Protein chains: 4
Amino acid sequence: MSNPIDLNDSSKRYFKSDNYAGIHPNLLAKITAVNIGHESSYGADKYTKYAELCFQEVFNREFRVAFTLNGTGTNVLALKIALKPHESVISANTAHINTNETGAPESVVGCKILTINTENGKITAEQIKSKYIEATAFGRHATHPKLVSITQCTEFGTVYDLLELKQIRKVCDELNLLLHIDGCRIYNAASFLNVDLGQIAVFTDFLSLGGTKLGAIMAESLLIFNSSFFDGLEYLHKNTLQLNSKNRFVASQYLGLFENNAQNKPLWLELAEHENKLAHLIGQELSNLGFKIIQKVESNHIFVEVGEKIAKLLESSGYCYIWTQNPFVVRFVVSFDNTESDVGDLITFIKNNI
Amino acid sequence: MSNPIDLNDSSKRYFKSDNYAGIHPNLLAKITAVNIGHESSYGADKYTKYAELCFQEVFNREFRVAFTLNGTGTNVLALKIALKPHESVISANTAHINTNETGAPESVVGCKILTINTENGKITAEQIKSKYIEATAFGRHATHPKLVSITQCTEFGTVYDLLELKQIRKVCDELNLLLHIDGCRIYNAASFLNVDLGQIAVFTDFLSLGGTKLGAIMAESLLIFNSSFFDGLEYLHKNTLQLNSKNRFVASQYLGLFENNAQNKPLWLELAEHENKLAHLIGQELSNLGFKIIQKVESNHIFVEVGEKIAKLLESSGYCYIWTQNPFVVRFVVSFDNTESDVGDLITFIKNNI
Amino acid sequence: MSNPIDLNDSSKRYFKSDNYAGIHPNLLAKITAVNIGHESSYGADKYTKYAELCFQEVFNREFRVAFTLNGTGTNVLALKIALKPHESVISANTAHINTNETGAPESVVGCKILTINTENGKITAEQIKSKYIEATAFGRHATHPKLVSITQCTEFGTVYDLLELKQIRKVCDELNLLLHIDGCRIYNAASFLNVDLGQIAVFTDFLSLGGTKLGAIMAESLLIFNSSFFDGLEYLHKNTLQLNSKNRFVASQYLGLFENNAQNKPLWLELAEHENKLAHLIGQELSNLGFKIIQKVESNHIFVEVGEKIAKLLESSGYCYIWTQNPFVVRFVVSFDNTESDVGDLITFIKNNI
Amino acid sequence: MSNPIDLNDSSKRYFKSDNYAGIHPNLLAKITAVNIGHESSYGADKYTKYAELCFQEVFNREFRVAFTLNGTGTNVLALKIALKPHESVISANTAHINTNETGAPESVVGCKILTINTENGKITAEQIKSKYIEATAFGRHATHPKLVSITQCTEFGTVYDLLELKQIRKVCDELNLLLHIDGCRIYNAASFLNVDLGQIAVFTDFLSLGGTKLGAIMAESLLIFNSSFFDGLEYLHKNTLQLNSKNRFVASQYLGLFENNAQNKPLWLELAEHENKLAHLIGQELSNLGFKIIQKVESNHIFVEVGEKIAKLLESSGYCYIWTQNPFVVRFVVSFDNTESDVGDLITFIKNNI
């Protein structure tokens, strides 16, 4: 057929979402490299085994991994493994599992999510304890909270520091609660905190370890650190629709992300540092222009109040999403492939329209 | 880390499963080609739109498409769209949804599957009617059958001809039943029948249109032809864990599969013809050697009775799976990248071990 | 066996819950009266048909009824009938379906509940609209609100007046939302408003019409007024575990509740008036004693701040539940069998302990 | 309103179902007797505690009990307690959970049921083992069988003897399978086997202990003997819609069933013996008349081939259900209130119509 769509209209790079970027060249190279002959399917291949060895080195704890296909599926798998029908989740009201998964936790797992209101995406150990006490007041007549889910970095780009994580872990232990970290952007958090991934993961029972938002495609994973939940995992993995038949193409992307560059730095860190740096730059430039930065810029997100006119111009020109109206706040997200030049374009565009 | 796994041990090509093959070079080229700049996420990109146009040309009916991530997820999405909590599915006992999806239809959709025993993977219009009558005898005290699911080609490689499909459609209309085709290998069926995909799809309400088993990676799709189920589809797509954020990399693989080669033949047809031809060849060679072919070789599967000794040798050498013991039947599946030389190797191996 | 429990220790009547009361003598008489010979099971008996005729007269709209077994099951059945997997509920945060059904809506139906914070148990048309707008901002990435559930009277004993109900219905129509009324105590609301049950039910698509809290045992019902949901109802009724085999014993209790007394007043009204009157009396007495009444006393509930000492004494003596600490608020609920003398005892007890 | 339905038309007693009978006078007397004052709700009352003591004496094992509201709910609760999302049930194809619960196990629990074909409702230890081996052949790609459910007596009135139960328990232990007994008519089985209930229950992890089919109303219970499943039970009980607020009226009926008469025989045994005896008599009379008895008459069911004319006459006159056509088989079920005179009427009716 003749194609009425101009596929040559090569897209510009904006700041709408890190889902707008493509695949990082190194990861595409990995896909190409592992495309040799036949391999066992469903994760029994040698590349998957190698990726598991990499994770073992990084996390240095006993674990199991389920390579998965998207972020919602990964979080839902964690909940399906962890919870019985009457058990519930405590999370921020702004958590992705609560606001942006089209009710999949309720629909596929059947669990209730008890939410804590937050302005910056983070919840505290004290809030968790209060929510637990409130939720258990009715005994059997209400769900029993069993798992806390936090996002690191949060949906607002803010980051839990190690002390906050330690306090959350402590209250979880005290109340017999499991901890899940939605780490779809954990790399940006680790870079900001200047820590290894393992220093964050040490606190958690379940970790959704992102891939897609940092330059991978159709590649996510769930790490299970709590050995009470190892049994049956391979069944639940498939039952929850997240098992990939040709898993070498998922695992190999993780190999790409964890491989060191010439400076002995893993690709994920190189990319996360780059994103964080550009985000910091955008924040500073906008601040210099007199705009109010709404959330601390601790990773690759910038939330900024810009007024209605500029907000609408920015969105209609494809630069970003309007996050809230009244006041008009826009959200910028830096992708791995954004450049300083992209930032320059953006700032120029804004200056021209103030 | 130093890698203890020898990744250079390039795998041979066997006949264990079409999931053992990698990605076809043309499809990898498509992934590479669309990896330019930023694109809208979640299927709002231009490549997804183009793939939809291709499907429109091929199927020539009103439809909606949900690009998905694996085969089980695709089938489950169809059932979740189609069924209310008390409605059930009629399928062959050997259907993938019944035997090989770890209970996902029951667990994620909540539906019961009513099965018809079959020797060759196919069910007939008469059997569907009998099952319907049996299932409705208890009225409200049993589930109400609402959807028939058939696999084309079947899990045994057999193919429904157009007359059989027409009869099944007729009984579905008569009994107010929906029809779903699990078409993870529909290409092999179309090639065998020497028809267009549209000539098969015309009978169905839902079509799981495969990708992965014919050289794609993490790329499946569900086509919905019954307009009663268009409403809410985009929500159910995400709710059922099958929405891909960077969908251009899924859609572009379909573009590769549907693109014509120099002989004006779409890639899917070229590959399916190739697979079917090799399967036919294997069948003939084995038959010539005196082995009993258990199922008609109508696509890329060969089921053959070989005796215990050879069956075990073949499996332990990686050539195929033992399907049943007593008698010992093995299953061969031809992948897109298998060659006549692979067939030669196989036959030689068997001859040497008779 | 010898019974170590003193069954002759006949219980006093307190104000803990209307679930603490037994069965009203008229309803027990009905159970006795219909205990003649054999009757068709599962609601095909003549008493069930008669109860349906009574409802027809009272509600004067086309409807279907499912007689059910407990309140949670009744509400859950309404949601299971009304909602697709991606659709959600809007309710008060204090609604029984949100706080006191052990997550059954999420677990059995799979739906998310979006809550509106409320001090008095009631939500307004404006709040529903705001919540709808907020909930739909993310489109397909969040659940789609489809049903509003309100409790009449509320869990705090407050009552929506007809104007408030009309406004809620209007906003539901505007936003294409269904309306469900949890009417486990609708009788008290109707008595307070001095209206017929039909004048409340006219606004709703689904009505959980209570029985147990007004002197029945194991007898609840769901009325469906929206004809879009008639189809399949008898299947969903059983599928949701709420079908009673010997339904004459449920239906006959409703016959008892709707039968007129000598003053041409149905029993439900006689009982609801009595409960409301005693509740009013308790409220007045406590107010006279200087205690702060926390919620308007519009039905059979009284929430009152009494200080820690008295709160604990009242609870430990079995009179009521402590509802909140800090400040100490207790809840009294009047049952059909409470008497003025019970109220006198209560007030004396409090006076003696001030 | 004037009642157009003749409620004085006192129904005759037939043999359609033991759900057609009403409540036994002794149980109604119990309901009346416990209708004194206020009692704690949700099973915290003294009558419920007393019923638990009775069960302790009868079953003489550690257990927990959930009093429930109908048979489907009771079975579903057992499955919801026992199974993880990927685990499945093995049962007879004729089991109530498979054929007569409108898909509630799949819809509410999400589990798959793997069925064994049976002519007489019973399955054997060998069949269980074969099914287990077949079901586990695909490993993670299929559900994992975890629980065997048998009905005692079966849906055909046949009874497992103690040796058969022992063998089933043995194979369950060997394969790490749980055992559930659907004992909605366990009393008839115990009477036939001339054993205590405890001698049957000793083999099982979960027992659905019937009430309604032996003269109770809205009264069922689930006994959990496997202590691995005690935790969380009180939550799952409510979450599965089976918790009764005024439970004294359920528990007291069990007290009635387990209370001894003047001959030191519990009521359940007196009733079950009576039913079995009448069933035996019907079987003999029909056999004498030359009809073919299809299933062994071991409890209160009689399946008999009678020819089309008589089958239709019997059904249209209300005596029984036609079970299958071609050949025409009818099912008679004896209720607790049927009499020898009812049997006489039936036989006379048949003789008059041969």
# chains A, B, ... in the order shown; residues from 1 in each chain; ligands from 1
$ interface_residues --of "chain D" --to "chain B" --cutoff "9 Å" --atoms "only C-alpha atoms" --output "PDB file with N, CA, C and O atoms, in the first residue's frame"
ATOM      1  N   PRO D  85      -3.272 -18.057  43.313  1.00  0.00           N
ATOM      2  CA  PRO D  85      -3.873 -17.824  41.991  1.00  0.00           C
ATOM      3  C   PRO D  85      -3.530 -18.857  40.917  1.00  0.00           C
ATOM      4  O   PRO D  85      -4.276 -18.999  39.960  1.00  0.00           O
ATOM      5  N   HIS D  86      -2.423 -19.551  41.058  1.00  0.00           N
ATOM      6  CA  HIS D  86      -2.020 -20.484  40.000  1.00  0.00           C
ATOM      7  C   HIS D  86      -2.360 -21.927  40.353  1.00  0.00           C
ATOM      8  O   HIS D  86      -1.981 -22.837  39.630  1.00  0.00           O
ATOM      9  N   GLU D  87      -3.037 -22.124  41.458  1.00  0.00           N
ATOM     10  CA  GLU D  87      -3.313 -23.483  41.910  1.00  0.00           C
ATOM     11  C   GLU D  87      -4.724 -23.911  41.519  1.00  0.00           C
ATOM     12  O   GLU D  87      -5.640 -23.094  41.478  1.00  0.00           O
ATOM     13  N   SER D  88      -4.872 -25.197  41.252  1.00  0.00           N
ATOM     14  CA  SER D  88      -6.146 -25.685  40.726  1.00  0.00           C
ATOM     15  C   SER D  88      -6.713 -26.810  41.574  1.00  0.00           C
ATOM     16  O   SER D  88      -6.066 -27.324  42.484  1.00  0.00           O
ATOM     17  N   ASN D  98     -18.235 -27.910  40.059  1.00  0.00           N
ATOM     18  CA  ASN D  98     -17.946 -27.824  38.626  1.00  0.00           C
ATOM     19  C   ASN D  98     -19.177 -27.523  37.790  1.00  0.00           C
ATOM     20  O   ASN D  98     -19.097 -26.779  36.809  1.00  0.00           O
ATOM     21  N   THR D  99     -20.313 -28.088  38.176  1.00  0.00           N
ATOM     22  CA  THR D  99     -21.473 -27.990  37.289  1.00  0.00           C
ATOM     23  C   THR D  99     -22.575 -27.071  37.776  1.00  0.00           C
ATOM     24  O   THR D  99     -23.382 -26.624  36.988  1.00  0.00           O
ATOM     25  N   ASN D 100     -22.624 -26.798  39.062  1.00  0.00           N
ATOM     26  CA  ASN D 100     -23.824 -26.144  39.579  1.00  0.00           C
ATOM     27  C   ASN D 100     -23.565 -24.928  40.454  1.00  0.00           C
ATOM     28  O   ASN D 100     -24.374 -24.607  41.306  1.00  0.00           O
ATOM     29  N   GLU D 101     -22.438 -24.278  40.232  1.00  0.00           N
ATOM     30  CA  GLU D 101     -22.194 -23.070  41.028  1.00  0.00           C
ATOM     31  C   GLU D 101     -21.974 -21.855  40.133  1.00  0.00           C
ATOM     32  O   GLU D 101     -21.343 -20.870  40.527  1.00  0.00           O
ATOM     33  N   THR D 102     -22.505 -21.912  38.914  1.00  0.00           N
ATOM     34  CA  THR D 102     -22.474 -20.779  37.984  1.00  0.00           C
ATOM     35  C   THR D 102     -21.077 -20.158  37.873  1.00  0.00           C
ATOM     36  O   THR D 102     -20.916 -18.941  37.774  1.00  0.00           O
ATOM     37  N   GLY D 103     -20.090 -21.016  37.925  1.00  0.00           N
ATOM     38  CA  GLY D 103     -18.732 -20.514  37.735  1.00  0.00           C
ATOM     39  C   GLY D 103     -18.193 -19.713  38.894  1.00  0.00           C
ATOM     40  O   GLY D 103     -17.173 -19.030  38.747  1.00  0.00           O
ATOM     41  N   ALA D 104     -18.819 -19.803  40.067  1.00  0.00           N
ATOM     42  CA  ALA D 104     -18.326 -19.029  41.213  1.00  0.00           C
ATOM     43  C   ALA D 104     -16.888 -19.375  41.593  1.00  0.00           C
ATOM     44  O   ALA D 104     -16.105 -18.478  41.921  1.00  0.00           O
ATOM     45  N   PRO D 105     -16.484 -20.644  41.563  1.00  0.00           N
ATOM     46  CA  PRO D 105     -15.072 -20.924  41.885  1.00  0.00           C
ATOM     47  C   PRO D 105     -14.115 -20.169  40.951  1.00  0.00           C
ATOM     48  O   PRO D 105     -13.130 -19.612  41.402  1.00  0.00           O
ATOM     49  N   GLU D 106     -14.425 -20.148  39.661  1.00  0.00           N
ATOM     50  CA  GLU D 106     -13.571 -19.431  38.719  1.00  0.00           C
ATOM     51  C   GLU D 106     -13.702 -17.918  38.921  1.00  0.00           C
ATOM     52  O   GLU D 106     -12.716 -17.192  38.883  1.00  0.00           O
ATOM     53  N   SER D 107     -14.917 -17.454  39.127  1.00  0.00           N
ATOM     54  CA  SER D 107     -15.168 -16.013  39.160  1.00  0.00           C
ATOM     55  C   SER D 107     -14.742 -15.384  40.478  1.00  0.00           C
ATOM     56  O   SER D 107     -14.172 -14.292  40.494  1.00  0.00           O
ATOM     57  N   VAL D 108     -15.013 -16.036  41.582  1.00  0.00           N
ATOM     58  CA  VAL D 108     -14.745 -15.429  42.893  1.00  0.00           C
ATOM     59  C   VAL D 108     -13.370 -15.835  43.423  1.00  0.00           C
ATOM     60  O   VAL D 108     -12.691 -15.049  44.067  1.00  0.00           O
ATOM     61  N   VAL D 109     -12.961 -17.059  43.149  1.00  0.00           N
ATOM     62  CA  VAL D 109     -11.649 -17.520  43.622  1.00  0.00           C
ATOM     63  C   VAL D 109     -10.602 -17.359  42.515  1.00  0.00           C
ATOM     64  O   VAL D 109      -9.457 -17.027  42.781  1.00  0.00           O
ATOM     65  N   GLY D 110     -11.020 -17.582  41.269  1.00  0.00           N
ATOM     66  CA  GLY D 110     -10.080 -17.495  40.151  1.00  0.00           C
ATOM     67  C   GLY D 110      -9.358 -18.799  39.862  1.00  0.00           C
ATOM     68  O   GLY D 110      -8.349 -18.807  39.154  1.00  0.00           O
ATOM     69  N   CYS D 111      -9.876 -19.888  40.392  1.00  0.00           N
ATOM     70  CA  CYS D 111      -9.164 -21.162  40.217  1.00  0.00           C
ATOM     71  C   CYS D 111      -9.737 -21.986  39.072  1.00  0.00           C
ATOM     72  O   CYS D 111     -10.907 -21.902  38.738  1.00  0.00           O
ATOM     73  N   LYS D 112      -8.892 -22.786  38.485  1.00  0.00           N
ATOM     74  CA  LYS D 112      -9.307 -23.729  37.457  1.00  0.00           C
ATOM     75  C   LYS D 112      -9.687 -25.042  38.123  1.00  0.00           C
ATOM     76  O   LYS D 112      -9.084 -25.428  39.116  1.00  0.00           O
ATOM     77  N   ILE D 113     -10.700 -25.703  37.549  1.00  0.00           N
ATOM     78  CA  ILE D 113     -11.096 -27.016  38.047  1.00  0.00           C
ATOM     79  C   ILE D 113     -10.753 -28.054  36.990  1.00  0.00           C
ATOM     80  O   ILE D 113     -11.178 -27.939  35.842  1.00  0.00           O
ATOM     81  N   ALA D 135      -1.710 -33.211  34.607  1.00  0.00           N
ATOM     82  CA  ALA D 135      -1.823 -31.763  34.789  1.00  0.00           C
ATOM     83  C   ALA D 135      -0.482 -31.094  35.022  1.00  0.00           C
ATOM     84  O   ALA D 135      -0.307 -29.909  34.738  1.00  0.00           O
ATOM     85  N   PHE D 138       3.111 -30.011  31.931  1.00  0.00           N
ATOM     86  CA  PHE D 138       3.596 -28.774  31.325  1.00  0.00           C
ATOM     87  C   PHE D 138       4.258 -27.834  32.336  1.00  0.00           C
ATOM     88  O   PHE D 138       4.580 -26.699  31.998  1.00  0.00           O
ATOM     89  N   GLY D 139       4.421 -28.258  33.576  1.00  0.00           N
ATOM     90  CA  GLY D 139       5.083 -27.432  34.577  1.00  0.00           C
ATOM     91  C   GLY D 139       4.402 -26.089  34.742  1.00  0.00           C
ATOM     92  O   GLY D 139       3.183 -26.017  34.829  1.00  0.00           O
ATOM     93  N   ARG D 140       5.173 -25.032  34.792  1.00  0.00           N
ATOM     94  CA  ARG D 140       4.684 -23.686  35.047  1.00  0.00           C
ATOM     95  C   ARG D 140       3.664 -23.200  34.022  1.00  0.00           C
ATOM     96  O   ARG D 140       2.998 -22.188  34.247  1.00  0.00           O
ATOM     97  N   HIS D 141       3.588 -23.843  32.874  1.00  0.00           N
ATOM     98  CA  HIS D 141       2.681 -23.366  31.827  1.00  0.00           C
ATOM     99  C   HIS D 141       1.233 -23.789  32.066  1.00  0.00           C
ATOM    100  O   HIS D 141       0.338 -23.354  31.355  1.00  0.00           O
ATOM    101  N   ALA D 142       1.027 -24.654  33.042  1.00  0.00           N
ATOM    102  CA  ALA D 142      -0.335 -25.035  33.424  1.00  0.00           C
ATOM    103  C   ALA D 142      -0.512 -24.740  34.909  1.00  0.00           C
ATOM    104  O   ALA D 142       0.457 -24.485  35.622  1.00  0.00           O
ATOM    105  N   THR D 143      -1.745 -24.780  35.366  1.00  0.00           N
ATOM    106  CA  THR D 143      -1.984 -24.602  36.793  1.00  0.00           C
ATOM    107  C   THR D 143      -1.376 -25.766  37.569  1.00  0.00           C
ATOM    108  O   THR D 143      -1.168 -26.848  37.029  1.00  0.00           O
ATOM    109  N   HIS D 144      -1.130 -25.541  38.838  1.00  0.00           N
ATOM    110  CA  HIS D 144      -0.609 -26.606  39.693  1.00  0.00           C
ATOM    111  C   HIS D 144      -1.747 -27.137  40.572  1.00  0.00           C
ATOM    112  O   HIS D 144      -2.291 -26.393  41.386  1.00  0.00           O
TER     113      HIS D 144
END
$ residues_around --residues "Tyr47 (chain D)" --least-positions-apart "6" --cutoff "10 Å" --atoms "only C-alpha atoms" --output "VMD selection string"
(chain C and resid 5 to 7) or (chain D and resid 34 39 53 247 to 255)
$ write_last_selection --atoms "N, CA and C atoms" --output "PDB file, in the first residue's frame"
ATOM      1  N   ILE C   5     -21.766 -23.434  78.841  1.00  0.00           N
ATOM      2  CA  ILE C   5     -22.186 -22.052  78.615  1.00  0.00           C
ATOM      3  C   ILE C   5     -23.600 -21.871  79.133  1.00  0.00           C
ATOM      4  N   ASP C   6     -23.808 -20.836  79.919  1.00  0.00           N
ATOM      5  CA  ASP C   6     -25.134 -20.621  80.489  1.00  0.00           C
ATOM      6  C   ASP C   6     -26.035 -19.945  79.460  1.00  0.00           C
ATOM      7  N   LEU C   7     -26.842 -20.751  78.801  1.00  0.00           N
ATOM      8  CA  LEU C   7     -27.709 -20.197  77.763  1.00  0.00           C
ATOM      9  C   LEU C   7     -28.939 -19.515  78.357  1.00  0.00           C
TER      10      LEU C   7
ATOM     11  N   VAL D  34     -33.674 -18.936  70.924  1.00  0.00           N
ATOM     12  CA  VAL D  34     -32.527 -18.027  71.084  1.00  0.00           C
ATOM     13  C   VAL D  34     -32.901 -16.581  70.801  1.00  0.00           C
ATOM     14  N   GLU D  39     -27.631 -10.017  71.479  1.00  0.00           N
ATOM     15  CA  GLU D  39     -26.451 -10.883  71.471  1.00  0.00           C
ATOM     16  C   GLU D  39     -25.381 -10.225  70.593  1.00  0.00           C
ATOM     17  N   LEU D  53     -18.398 -25.748  70.578  1.00  0.00           N
ATOM     18  CA  LEU D  53     -18.104 -26.808  71.550  1.00  0.00           C
ATOM     19  C   LEU D  53     -18.684 -28.149  71.106  1.00  0.00           C
ATOM     20  N   ASN D 247     -25.621 -14.305  63.856  1.00  0.00           N
ATOM     21  CA  ASN D 247     -25.241 -15.700  63.659  1.00  0.00           C
ATOM     22  C   ASN D 247     -25.875 -16.661  64.656  1.00  0.00           C
ATOM     23  N   ARG D 248     -26.420 -16.123  65.757  1.00  0.00           N
ATOM     24  CA  ARG D 248     -27.057 -17.066  66.701  1.00  0.00           C
ATOM     25  C   ARG D 248     -28.161 -17.888  66.013  1.00  0.00           C
ATOM     26  N   PHE D 249     -28.756 -17.290  64.962  1.00  0.00           N
ATOM     27  CA  PHE D 249     -29.861 -17.999  64.311  1.00  0.00           C
ATOM     28  C   PHE D 249     -29.374 -19.082  63.341  1.00  0.00           C
ATOM     29  N   VAL D 250     -28.120 -19.014  62.966  1.00  0.00           N
ATOM     30  CA  VAL D 250     -27.508 -20.101  62.201  1.00  0.00           C
ATOM     31  C   VAL D 250     -26.967 -21.161  63.167  1.00  0.00           C
ATOM     32  N   ALA D 251     -26.189 -20.698  64.136  1.00  0.00           N
ATOM     33  CA  ALA D 251     -25.551 -21.637  65.068  1.00  0.00           C
ATOM     34  C   ALA D 251     -26.586 -22.469  65.812  1.00  0.00           C
ATOM     35  N   SER D 252     -27.683 -21.835  66.183  1.00  0.00           N
ATOM     36  CA  SER D 252     -28.688 -22.556  66.981  1.00  0.00           C
ATOM     37  C   SER D 252     -29.312 -23.694  66.177  1.00  0.00           C
ATOM     38  N   GLN D 253     -29.399 -23.532  64.865  1.00  0.00           N
ATOM     39  CA  GLN D 253     -29.944 -24.629  64.066  1.00  0.00           C
ATOM     40  C   GLN D 253     -28.992 -25.830  64.096  1.00  0.00           C
ATOM     41  N   TYR D 254     -27.697 -25.552  64.090  1.00  0.00           N
ATOM     42  CA  TYR D 254     -26.753 -26.669  64.231  1.00  0.00           C
ATOM     43  C   TYR D 254     -26.898 -27.329  65.602  1.00  0.00           C
ATOM     44  N   LEU D 255     -27.133 -26.495  66.630  1.00  0.00           N
ATOM     45  CA  LEU D 255     -27.374 -27.081  67.954  1.00  0.00           C
ATOM     46  C   LEU D 255     -28.557 -28.039  67.894  1.00  0.00           C
TER      47      LEU D 255
END
$ select_by_dssp --residues "region 129-183 of chain A" --states "alpha helix (DSSP H)" --output "list in words"
Lys129, Ser130, Lys131, Tyr132, Ile133, Glu134, Ala135, Thr136, Leu162, Leu163, Glu164, Leu165, Lys166, Gln167, Ile168, Arg169, Lys170, Val171, Cys172, Asp173, Glu174 and Leu175 of chain A
$ write_last_selection --atoms "N, CA and C atoms" --output "short mmCIF file (atom, residue, chain, number, x, y, z; two decimals), in the first residue's frame"
data_model
loop_
_atom_site.label_atom_id
_atom_site.label_comp_id
_atom_site.auth_asym_id
_atom_site.auth_seq_id
_atom_site.Cartn_x
_atom_site.Cartn_y
_atom_site.Cartn_z
N LYS A 129 2.47 4.19 59.98
CA LYS A 129 1.97 3.66 61.25
C LYS A 129 0.55 4.16 61.54
N SER A 130 0.32 5.44 61.32
CA SER A 130 -1.03 5.99 61.56
C SER A 130 -2.06 5.31 60.67
N LYS A 131 -1.70 5.16 59.40
CA LYS A 131 -2.63 4.53 58.46
C LYS A 131 -2.93 3.09 58.88
N TYR A 132 -1.89 2.40 59.33
CA TYR A 132 -2.06 1.01 59.78
C TYR A 132 -3.03 0.95 60.96
N ILE A 133 -2.82 1.86 61.90
CA ILE A 133 -3.69 1.86 63.09
C ILE A 133 -5.13 2.17 62.70
N GLU A 134 -5.30 3.17 61.85
CA GLU A 134 -6.64 3.52 61.39
C GLU A 134 -7.28 2.33 60.65
N ALA A 135 -6.48 1.68 59.81
CA ALA A 135 -7.04 0.62 58.95
C ALA A 135 -7.40 -0.63 59.72
N THR A 136 -6.72 -0.85 60.84
CA THR A 136 -6.98 -2.09 61.57
C THR A 136 -8.01 -1.91 62.69
N LEU A 162 18.47 7.41 52.43
CA LEU A 162 18.65 6.10 53.08
C LEU A 162 18.05 6.07 54.48
N LEU A 163 18.10 7.20 55.16
CA LEU A 163 17.53 7.24 56.50
C LEU A 163 16.02 7.05 56.46
N GLU A 164 15.39 7.73 55.51
CA GLU A 164 13.94 7.58 55.37
C GLU A 164 13.58 6.13 55.03
N LEU A 165 14.35 5.54 54.15
CA LEU A 165 14.10 4.14 53.79
C LEU A 165 14.26 3.22 55.01
N LYS A 166 15.30 3.51 55.79
CA LYS A 166 15.57 2.70 56.98
C LYS A 166 14.40 2.79 57.97
N GLN A 167 13.88 4.01 58.11
CA GLN A 167 12.75 4.20 59.04
C GLN A 167 11.50 3.49 58.53
N ILE A 168 11.30 3.54 57.23
CA ILE A 168 10.14 2.84 56.67
C ILE A 168 10.29 1.33 56.87
N ARG A 169 11.49 0.84 56.61
CA ARG A 169 11.72 -0.60 56.83
C ARG A 169 11.45 -0.98 58.29
N LYS A 170 11.88 -0.10 59.18
CA LYS A 170 11.72 -0.39 60.60
C LYS A 170 10.24 -0.50 60.98
N VAL A 171 9.46 0.45 60.50
CA VAL A 171 8.04 0.41 60.84
C VAL A 171 7.37 -0.79 60.16
N CYS A 172 7.83 -1.16 59.01
CA CYS A 172 7.30 -2.36 58.35
C CYS A 172 7.59 -3.61 59.19
N ASP A 173 8.80 -3.71 59.68
CA ASP A 173 9.15 -4.86 60.52
C ASP A 173 8.29 -4.89 61.78
N GLU A 174 8.13 -3.69 62.36
CA GLU A 174 7.36 -3.59 63.59
C GLU A 174 5.91 -4.04 63.39
N LEU A 175 5.35 -3.70 62.24
CA LEU A 175 3.93 -3.97 61.99
C LEU A 175 3.71 -5.20 61.10
#
$ atom_distance --atom1 "CA of Pro327 (chain A)" --atom2 "CA of Lys309 (chain A)"
11.6 Å
$ residues_around --residues "region 192-206 of chain D" --least-positions-apart "3" --cutoff "7 Å" --atoms "only C-alpha atoms" --output "ChimeraX atom specification"
/D:58-59,78,161,165-166,169,178-181,188-189,223-226,298-299
$ closest_residue --among "A:Val159, A:Leu267, A:Ile282, A:Val89" --to "Thr348 (chain A)" --atoms "only C-alpha atoms"
A:Ile282
$ residues_around --residues "Thr212 (chain B)" --least-positions-apart "6" --cutoff "12 Å" --atoms "only C-alpha atoms" --output "PyMOL selection string"
(chain A and resi 41+244-247+249) or (chain B and resi 17-24+27+68-72+74+183-187+218-221+250+253-254+257+268+335-336)
$ select_by_dssp --residues "region 72-214 of chain D" --states "strand (DSSP E or B)" --output "VMD selection string"
chain D and resid 87 to 92 113 to 116 144 to 151 178 to 183 206 to 209
$ residues_around --residues "Ile350 (chain C)" --least-positions-apart "2" --cutoff "12 Å" --atoms "only C-alpha atoms" --output "list in words"
Ile282, Glu285, Leu286, Leu289, Gly290, Phe291, Val306, Gly307, Lys309, Ile310, Ala311, Lys312, Leu313, Leu314, Glu315, Ser317, Tyr319, Val343, Gly344, Asp345, Leu346, Ile347, Thr348, Asn352, Asn353 and Ile354 of chain C
$ atom_distance --atom1 "CA of Phe303 (chain C)" --atom2 "CA of Ala95 (chain C)"
16.4 Å
$ residues_around --residues "Thr158 (chain C)" --least-positions-apart "6" --cutoff "8 Å" --atoms "only C-alpha atoms" --output "PyMOL selection string"
chain C and resi 120-122+152+295-299
